[in-house]
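Trainee: One structure follows; several queries about it will come next.
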Amino acid sequence: MASTPSQPDHHVVVIGAGLSGIGMGIALRRAGLLDFVILERAGDIGGTWRDNTYPGIAVDVPAQAYQFSFELNPDWSRAFARGPEVKAYLDGVADRYRVREHVRLHSEVTARVWDDSAHLWRLTVNGGEVTARFVVSAIGPFVDPKPVDIPGAEDFAGTLMYSSRWDHDVDLTGARVALVGTGASAVQIVPEIARRVARLDVYQRTPIWVGPKLDPTTPPVLAGLYRRFPASQRVVRKVATRAVELMLIDLVVNHHRVPFLTRGAAAAMRSIWYRAQVPDPELRARLTPDYGLGCKRPSVSNSYLRTFTRDNVELVTDPIESITPSGVRTADGHHRDVDVLILATGFRLASDPANFRRTPVRGRDGFDLATSYAGQRLTSYEGISIPELPNHFMMFGPYGWVGGTWHQLVESTSAHIVRVITETGRRGATAVEVRPEPTRRWTERMRTRLAGSLFNTNSCATANSYYFDHHGDLPYLRPTSSAAAFRAARDFPIDDYRYTSLPEAAGTADTADTADELAMVTRRIR
């Protein structure tokens, strides 16, 4: 479709058809904003739950919390739903709310450039161009697996795969397997594959806190109660999401108020749970973190720690020196032969400048997102908007993660975005951009709240946590409750954004903007 400066191909382009993109699509449809497309680089929707199909994949928060408030599933099979169930849930939601009809698969956005003369975004998609008045980035927090930075990895003659790109055609039965990484994915993979491999070497740089997993199946009578009385499930969801939030906000962000709680919980984990799971004191010491509980996202499993007591499993804590064609050599000179090498080494976060060197985002007056992220401390307004990126929103921007679950973040963020897009149309404007001063003020408030958190104590010094960025800041987290995020989405001052129009549409928006400025001055005087 040919574009003109006043009529882009689409009113809104959403990048990514994962959980965030699906939720954003639902919000746009509910608001009557039907001229939108969701561009997805893969061949299916689902994001994380499409890509991660490794053995043992499951949610690491209760399933009752891990769902949209407006679309509760009474049929979760157990407390912590398995990956295929979550993917099926997302597929069903996309179908029921008619989001799938807006999705274009195999459509990778490799560049975003703001055209200030036309007040639209020019997106490079599969080598062609798509234009949009507004762009919503719904790429999520974990963009791509981290590149292999171990010498010799390209020379490995066996099978190499990432945890997020699991090859189910590879039979691990009787194989010699090395797994690099001990994060949340490894916690789920290790117990599943240890039972069928000949040998499993797990290479650990930093141990992870792993607590017990209360994972009963859902009794049919309870599922029936949820279907007959949906209000009962809403109560359960509220309790479950509050419990998830308790750990991050009440115990970690507000650590300075109750430091004894996190210290006591860590002590109990060491003396009771870890001791029961791993009787050998030397092995237990190597599996036990020396940083505080909460410095990194903890995980839950009833079998991960215990798996290291198996005769065919070895925990390797010596640094990897290199990968050889036949295996792995550690710094102590020990070489272990390997048939299959699994990398569970994490992802590039959404705030990593490398993401936007590969897929550049260029805004007003030469603003480049990669350059900004690399050279300046990260800022945002409500974790959603950045100055010099007009008509551009992020489902997960700096200081964006709310205290509860991802669904809560998606619901509050999409409400904010819809409110701004709707207000822009109401004013007859063609461009909207968050103002620098509210951005600075909001970011400083987030940093101040994080200053007293567990993350800024010495107990996190050895955590190697992805919560910290390359500037030493904590822009991953929004240190407020999810309830506060919902209130902010509803009540933030709409005049914290500036509205402008193309010359041919000038008048309405410019007048409104002058009124906005006057209203702001009046409030300050009061």
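Here's how to read the names in the structure tokens: chain A, B, ... by the order shown, residue numbers from 1 in each chain, ligand numbers from 1 in the order shown.
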Give me the segment 60-88 of chain A side of the contact with segment 215-223 of chain A, cut-off 8 Å, one line per residue showing its nearest atom pair and distance in Å at one decimal, counting only C-alpha atoms, sorted by chain and residue number, as CSV.
Mentor:
residue,atom,partner,partner_atom,distance
A:Pro74,CA,A:Ala223,CA,5.2
A:Asp75,CA,A:Ala223,CA,5.8
A:Trp76,CA,A:Thr218,CA,6.9
A:Ser77,CA,A:Thr218,CA,5.4
A:Arg78,CA,A:Thr217,CA,3.9
A:Ala79,CA,A:Asp215,CA,4.9
A:Phe80,CA,A:Asp215,CA,5.9
Trainee: Go ahead and save the picked residues with all heavy atoms, as a CSV table (one decimal), in the first residue's frame.
Mentor:
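That gives us out06.csv:
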chain,number,residue,atom,x,y,z
A,74,PRO,N,-9.8,-21.7,34.2
A,74,PRO,CA,-10.2,-22.6,35.3
A,74,PRO,C,-9.5,-23.9,35.2
A,74,PRO,O,-9.5,-24.7,36.2
A,74,PRO,CB,-11.7,-22.7,35.2
A,74,PRO,CG,-12.0,-22.5,33.8
A,74,PRO,CD,-11.0,-21.6,33.2
A,75,ASP,N,-8.9,-24.2,34.1
A,75,ASP,CA,-8.4,-25.6,33.8
A,75,ASP,C,-6.9,-25.8,33.8
A,75,ASP,O,-6.4,-26.7,33.3
A,75,ASP,CB,-8.9,-26.1,32.5
A,75,ASP,CG,-10.5,-26.1,32.4
A,75,ASP,OD1,-11.0,-26.6,33.4
A,75,ASP,OD2,-11.1,-25.6,31.5
A,76,TRP,N,-6.2,-24.9,34.5
A,76,TRP,CA,-4.7,-25.2,34.7
A,76,TRP,C,-4.6,-26.5,35.4
A,76,TRP,O,-5.2,-26.8,36.4
A,76,TRP,CB,-4.1,-24.1,35.5
A,76,TRP,CG,-4.0,-22.7,35.0
A,76,TRP,CD1,-4.6,-21.6,35.5
A,76,TRP,CD2,-3.4,-22.3,33.8
A,76,TRP,NE1,-4.4,-20.5,34.7
A,76,TRP,CE2,-3.6,-20.9,33.6
A,76,TRP,CE3,-2.6,-22.9,32.8
A,76,TRP,CZ2,-3.1,-20.1,32.6
A,76,TRP,CZ3,-2.1,-22.2,31.8
A,76,TRP,CH2,-2.3,-20.8,31.6
A,77,SER,N,-3.7,-27.3,34.8
A,77,SER,CA,-3.6,-28.7,35.3
A,77,SER,C,-3.0,-28.8,36.7
A,77,SER,O,-3.2,-29.7,37.5
A,77,SER,CB,-2.8,-29.6,34.4
A,77,SER,OG,-1.4,-29.1,34.3
A,78,ARG,N,-2.2,-27.8,37.1
A,78,ARG,CA,-1.4,-27.8,38.3
A,78,ARG,C,-1.1,-26.4,38.8
A,78,ARG,O,-1.3,-25.5,38.0
A,78,ARG,CB,-0.2,-28.7,38.2
A,78,ARG,CG,0.8,-28.3,37.2
A,78,ARG,CD,1.8,-29.4,36.8
A,78,ARG,NE,2.3,-30.0,38.0
A,78,ARG,CZ,2.1,-31.3,38.4
A,78,ARG,NH1,1.4,-32.1,37.6
A,78,ARG,NH2,2.6,-31.8,39.5
A,79,ALA,N,-0.5,-26.3,39.9
A,79,ALA,CA,-0.1,-25.0,40.5
A,79,ALA,C,0.8,-24.2,39.6
A,79,ALA,O,0.7,-23.0,39.3
A,79,ALA,CB,0.4,-25.1,41.9
A,80,PHE,N,1.8,-24.9,39.0
A,80,PHE,CA,2.8,-24.3,38.1
A,80,PHE,C,2.6,-25.0,36.8
A,80,PHE,O,3.1,-26.1,36.5
A,80,PHE,CB,4.3,-24.5,38.6
A,80,PHE,CG,4.6,-23.8,39.9
A,80,PHE,CD1,4.2,-24.2,41.1
A,80,PHE,CD2,5.2,-22.6,39.8
A,80,PHE,CE1,4.5,-23.5,42.3
A,80,PHE,CE2,5.5,-21.8,40.9
A,80,PHE,CZ,5.2,-22.3,42.2
Trainee: If you run DSSP on this backbone, which residues of segment 280-352 of chain A come out as strand (DSSP E or B), and could you give them as a list in words?
Mentor: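 Of segment 280-352 of chain A, the ones in strand (DSSP E or B) are Ser299, Val300, Val313, Glu314, Leu315, Val316, Ile320, Glu321, Ser322, Ile323, Thr324, Gly327, Val328, Arg329, Thr330, His335, Arg336, Asp337, Val340, Leu341, Ile342, Leu343, Phe347, Arg348 and Leu349 of chain A.
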Trainee: Could you please determine the separation between atom CA of Tyr499 of chain A and atom CA of Phe356 of chain A in Å, to one decimal place?
Mentor: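 If I compute the distance from atom CA of Tyr499 of chain A to atom CA of Phe356 of chain A, I get 26.5 Å.
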Trainee: Hey, which of A:Asn52, A:Ser164, A:Asn312, A:Thr182 ends up closest to Lys296 of chain A? Count only C-alpha atoms.
Mentor: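 Nearest to Lys296 of chain A: A:Thr182.
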Trainee: Show me, as a VMD selection string, the residues that have an atom within 12 Å of Asp169 of chain A when counting only C-alpha atoms, minus same-chain residues fewer than 4 positions from it.
Mentor: chain A and resid 54 159 161 165 173
Trainee: How would the residues just picked look written out with N, CA and C atoms as a CSV table (one decimal), in the first residue's frame?
Mentor:
chain,number,residue,atom,x,y,z
A,54,TYR,N,12.1,-26.6,25.9
A,54,TYR,CA,13.0,-27.6,26.5
A,54,TYR,C,12.4,-28.5,27.5
A,159,THR,N,27.0,-31.9,19.0
A,159,THR,CA,25.7,-31.1,18.9
A,159,THR,C,25.7,-30.0,19.9
A,161,MET,N,23.4,-26.7,21.2
A,161,MET,CA,22.1,-26.0,21.1
A,161,MET,C,21.8,-25.1,22.3
A,165,ARG,N,16.3,-22.8,22.0
A,165,ARG,CA,16.2,-23.4,20.7
A,165,ARG,C,16.4,-24.9,20.7
A,173,THR,N,19.5,-39.9,25.2
A,173,THR,CA,19.7,-41.1,25.9
A,173,THR,C,21.1,-41.7,25.7
Trainee: Run DSSP on the backbone and tell me which residues of segment 47-191 of chain A come out as alpha helix (DSSP H); list them as a ChimeraX atom specification.
Mentor: /A:48-51,83-96,184-191
Trainee: How many Å lie between atom CA of Ala157 of chain A and atom CA of Ile323 of chain A, rounded to one decimal?
Mentor: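 Atom CA of Ile323 of chain A lies 10.0 Å from atom CA of Ala157 of chain A.
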Trainee: Please provide as a PyMOL selection string all residues within 9 Å of Ala354 of chain A, with the sequence filter that same-chain residues fewer than 5 positions apart are discarded (counting only C-alpha atoms).
Mentor: chain A and resi 348+359+370+374
Trainee: Deliver the residues from the most recent selection as a file, using N, CA, C and O atoms, as a PDB file, in the first residue's frame.
Mentor:
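Written file, again-v2.pdb:
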ATOM      1  N   ARG A 348      20.224 -11.500  25.872  1.00  0.00           N
ATOM      2  CA  ARG A 348      20.431 -10.059  25.839  1.00  0.00           C
ATOM      3  C   ARG A 348      19.141  -9.387  26.297  1.00  0.00           C
ATOM      4  O   ARG A 348      18.066  -9.650  25.754  1.00  0.00           O
ATOM      5  N   THR A 359      19.258  -3.677  15.124  1.00  0.00           N
ATOM      6  CA  THR A 359      17.970  -3.188  14.602  1.00  0.00           C
ATOM      7  C   THR A 359      17.783  -1.752  15.082  1.00  0.00           C
ATOM      8  O   THR A 359      17.109  -1.510  16.079  1.00  0.00           O
ATOM      9  N   ALA A 370      20.488   3.111  20.474  1.00  0.00           N
ATOM     10  CA  ALA A 370      21.677   2.359  20.877  1.00  0.00           C
ATOM     11  C   ALA A 370      22.724   3.291  21.474  1.00  0.00           C
ATOM     12  O   ALA A 370      23.328   2.980  22.512  1.00  0.00           O
ATOM     13  N   ALA A 374      23.959   3.221  25.370  1.00  0.00           N
ATOM     14  CA  ALA A 374      25.360   2.926  25.633  1.00  0.00           C
ATOM     15  C   ALA A 374      26.039   4.037  26.425  1.00  0.00           C
ATOM     16  O   ALA A 374      26.864   3.774  27.303  1.00  0.00           O
TER      17      ALA A 374
END
Trainee: Determine, for each residue of segment 30-124 of chain A having at least one atom at most 9 Å from an atom of segment 227-247 of chain A, the closest pair of atoms and their separation in Å to one decimal, counting only C-alpha atoms; order by chain and ascending number, as JSON lines.
Mentor:
{"residue": "A:Val61", "atom": "CA", "partner": "A:Val244", "partner_atom": "CA", "distance": 7.1}
{"residue": "A:Pro62", "atom": "CA", "partner": "A:Ala240", "partner_atom": "CA", "distance": 6.7}
{"residue": "A:Ala63", "atom": "CA", "partner": "A:Ala240", "partner_atom": "CA", "distance": 8.6}
{"residue": "A:Gln64", "atom": "CA", "partner": "A:Arg237", "partner_atom": "CA", "distance": 5.1}
{"residue": "A:Ala65", "atom": "CA", "partner": "A:Thr241", "partner_atom": "CA", "distance": 4.9}
{"residue": "A:Tyr66", "atom": "CA", "partner": "A:Thr241", "partner_atom": "CA", "distance": 8.0}
{"residue": "A:Gln67", "atom": "CA", "partner": "A:Arg237", "partner_atom": "CA", "distance": 8.4}
{"residue": "A:Ser69", "atom": "CA", "partner": "A:Arg234", "partner_atom": "CA", "distance": 7.5}
{"residue": "A:Leu72", "atom": "CA", "partner": "A:Gln233", "partner_atom": "CA", "distance": 7.5}
{"residue": "A:Asn73", "atom": "CA", "partner": "A:Arg227", "partner_atom": "CA", "distance": 8.6}
{"residue": "A:Pro74", "atom": "CA", "partner": "A:Arg227", "partner_atom": "CA", "distance": 6.0}
{"residue": "A:Asp75", "atom": "CA", "partner": "A:Arg227", "partner_atom": "CA", "distance": 8.6}
Trainee: Find the residues near segment 379-383 of chain A: any atom within 7 Å, counting only C-alpha atoms, skip ones fewer than 3 places away on the same chain, and give them as a PDB file with all heavy atoms, in the first residue's frame.
Mentor:
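Result file is around_25.pdb:
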ATOM      1  N   ILE A 386      10.112   7.574  26.024  1.00  0.00           N
ATOM      2  CA  ILE A 386      11.402   8.249  26.121  1.00  0.00           C
ATOM      3  C   ILE A 386      11.345   9.516  25.271  1.00  0.00           C
ATOM      4  O   ILE A 386      10.862   9.462  24.123  1.00  0.00           O
ATOM      5  CB  ILE A 386      12.541   7.338  25.614  1.00  0.00           C
ATOM      6  CG1 ILE A 386      12.678   6.102  26.504  1.00  0.00           C
ATOM      7  CG2 ILE A 386      13.867   8.083  25.558  1.00  0.00           C
ATOM      8  CD1 ILE A 386      13.724   5.122  26.017  1.00  0.00           C
ATOM      9  N   PHE A 396       7.948  -2.739  27.604  1.00  0.00           N
ATOM     10  CA  PHE A 396       8.897  -2.942  28.691  1.00  0.00           C
ATOM     11  C   PHE A 396      10.104  -2.051  28.435  1.00  0.00           C
ATOM     12  O   PHE A 396      11.020  -2.407  27.712  1.00  0.00           O
ATOM     13  CB  PHE A 396       9.330  -4.412  28.773  1.00  0.00           C
ATOM     14  CG  PHE A 396      10.393  -4.662  29.814  1.00  0.00           C
ATOM     15  CD1 PHE A 396      10.079  -4.611  31.161  1.00  0.00           C
ATOM     16  CD2 PHE A 396      11.693  -4.928  29.446  1.00  0.00           C
ATOM     17  CE1 PHE A 396      11.061  -4.830  32.125  1.00  0.00           C
ATOM     18  CE2 PHE A 396      12.690  -5.157  30.398  1.00  0.00           C
ATOM     19  CZ  PHE A 396      12.367  -5.101  31.738  1.00  0.00           C
ATOM     20  N   GLY A 397      10.073  -0.855  29.037  1.00  0.00           N
ATOM     21  CA  GLY A 397      11.178   0.072  28.925  1.00  0.00           C
ATOM     22  C   GLY A 397      11.940   0.158  30.229  1.00  0.00           C
ATOM     23  O   GLY A 397      11.691  -0.605  31.171  1.00  0.00           O
ATOM     24  N   PRO A 398      12.899   1.075  30.313  1.00  0.00           N
ATOM     25  CA  PRO A 398      13.673   1.225  31.548  1.00  0.00           C
ATOM     26  C   PRO A 398      12.774   1.440  32.768  1.00  0.00           C
ATOM     27  O   PRO A 398      11.835   2.223  32.722  1.00  0.00           O
ATOM     28  CB  PRO A 398      14.534   2.455  31.256  1.00  0.00           C
ATOM     29  CG  PRO A 398      14.712   2.443  29.766  1.00  0.00           C
ATOM     30  CD  PRO A 398      13.402   1.954  29.230  1.00  0.00           C
ATOM     31  N   TYR A 399      13.070   0.722  33.838  1.00  0.00           N
ATOM     32  CA  TYR A 399      12.310   0.740  35.089  1.00  0.00           C
ATOM     33  C   TYR A 399      10.866   0.291  34.843  1.00  0.00           C
ATOM     34  O   TYR A 399       9.927   0.827  35.417  1.00  0.00           O
ATOM     35  CB  TYR A 399      12.363   2.131  35.729  1.00  0.00           C
ATOM     36  CG  TYR A 399      13.765   2.577  36.031  1.00  0.00           C
ATOM     37  CD1 TYR A 399      14.472   3.380  35.130  1.00  0.00           C
ATOM     38  CD2 TYR A 399      14.419   2.176  37.192  1.00  0.00           C
ATOM     39  CE1 TYR A 399      15.781   3.764  35.383  1.00  0.00           C
ATOM     40  CE2 TYR A 399      15.733   2.563  37.447  1.00  0.00           C
ATOM     41  CZ  TYR A 399      16.402   3.363  36.541  1.00  0.00           C
ATOM     42  OH  TYR A 399      17.704   3.721  36.789  1.00  0.00           O
ATOM     43  N   GLY A 400      10.710  -0.714  33.976  1.00  0.00           N
ATOM     44  CA  GLY A 400       9.379  -1.099  33.541  1.00  0.00           C
ATOM     45  C   GLY A 400       8.740  -2.266  34.272  1.00  0.00           C
ATOM     46  O   GLY A 400       7.514  -2.361  34.327  1.00  0.00           O
ATOM     47  N   THR A 439       9.878  13.095  32.599  1.00  0.00           N
ATOM     48  CA  THR A 439      10.698  11.890  32.460  1.00  0.00           C
ATOM     49  C   THR A 439      11.802  11.870  33.497  1.00  0.00           C
ATOM     50  O   THR A 439      12.038  10.854  34.168  1.00  0.00           O
ATOM     51  CB  THR A 439      11.301  11.814  31.046  1.00  0.00           C
ATOM     52  OG1 THR A 439      10.247  11.836  30.082  1.00  0.00           O
ATOM     53  CG2 THR A 439      12.133  10.558  30.872  1.00  0.00           C
ATOM     54  N   TRP A 442      10.251  11.364  37.037  1.00  0.00           N
ATOM     55  CA  TRP A 442       9.782   9.999  37.317  1.00  0.00           C
ATOM     56  C   TRP A 442      10.960   9.052  37.482  1.00  0.00           C
ATOM     57  O   TRP A 442      10.970   8.210  38.389  1.00  0.00           O
ATOM     58  CB  TRP A 442       8.876   9.527  36.175  1.00  0.00           C
ATOM     59  CG  TRP A 442       8.216   8.218  36.472  1.00  0.00           C
ATOM     60  CD1 TRP A 442       7.058   8.015  37.179  1.00  0.00           C
ATOM     61  CD2 TRP A 442       8.694   6.918  36.116  1.00  0.00           C
ATOM     62  NE1 TRP A 442       6.782   6.663  37.263  1.00  0.00           N
ATOM     63  CE2 TRP A 442       7.768   5.969  36.621  1.00  0.00           C
ATOM     64  CE3 TRP A 442       9.802   6.457  35.410  1.00  0.00           C
ATOM     65  CZ2 TRP A 442       7.927   4.601  36.446  1.00  0.00           C
ATOM     66  CZ3 TRP A 442       9.967   5.085  35.238  1.00  0.00           C
ATOM     67  CH2 TRP A 442       9.035   4.169  35.748  1.00  0.00           C
ATOM     68  N   THR A 443      11.964   9.172  36.622  1.00  0.00           N
ATOM     69  CA  THR A 443      13.131   8.291  36.718  1.00  0.00           C
ATOM     70  C   THR A 443      13.859   8.486  38.037  1.00  0.00           C
ATOM     71  O   THR A 443      14.274   7.502  38.679  1.00  0.00           O
ATOM     72  CB  THR A 443      14.096   8.541  35.547  1.00  0.00           C
ATOM     73  OG1 THR A 443      13.412   8.323  34.310  1.00  0.00           O
ATOM     74  CG2 THR A 443      15.298   7.619  35.622  1.00  0.00           C
TER      75      THR A 443
END
Trainee: What is the distance, in Å and to one decimal place, between atom CA of Arg329 of chain A and atom CA of Thr345 of chain A?
Mentor: 17.4 Å
Trainee: From the options A:Val252, A:Thr317, A:Asn391, A:Asp290, which residue's atoms come nearest to Ala451 of chain A, counting only C-alpha atoms?
Mentor: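 The shortest atom-to-atom distance to Ala451 of chain A comes from A:Val252.
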Trainee: Quick one: of A:Asp51, A:Ser453, A:Gly43, A:Leu305, who's nearest to Pro259 of chain A, counting only C-alpha atoms?
Mentor: A:Ser453
Trainee: Just the residues within 12 Å of Asp332 of chain A, please, counting only C-alpha atoms, with nothing from its chain fewer than 2 positions along; format it as a ChimeraX atom specification.
Mentor: /A:316-322,328-330,334-336
Trainee: Tell me which of A:Asn456, A:Thr448, A:Ser299, A:Thr124 sits closest to Gly472 of chain A, counting only C-alpha atoms.
Mentor: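 Closest residue, counting only C-alpha atoms: A:Asn456.
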Trainee: Name the closest residue to Leu19 of chain A among the candidates A:Gly428, A:Pro141, A:Gly32, A:Pro207; distances are taken between atoms, counting only C-alpha atoms.
Mentor: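 Of A:Gly428, A:Pro141, A:Gly32, A:Pro207, the one nearest Leu19 of chain A is A:Pro141, counting only C-alpha atoms.
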Trainee: For Gln188 of chain A, which of A:Arg82, A:Arg98, A:Arg478, A:Arg257 is the closest residue, counting only C-alpha atoms?
Mentor: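 Among A:Arg82, A:Arg98, A:Arg478, A:Arg257, it is A:Arg82 that comes nearest to Gln188 of chain A.
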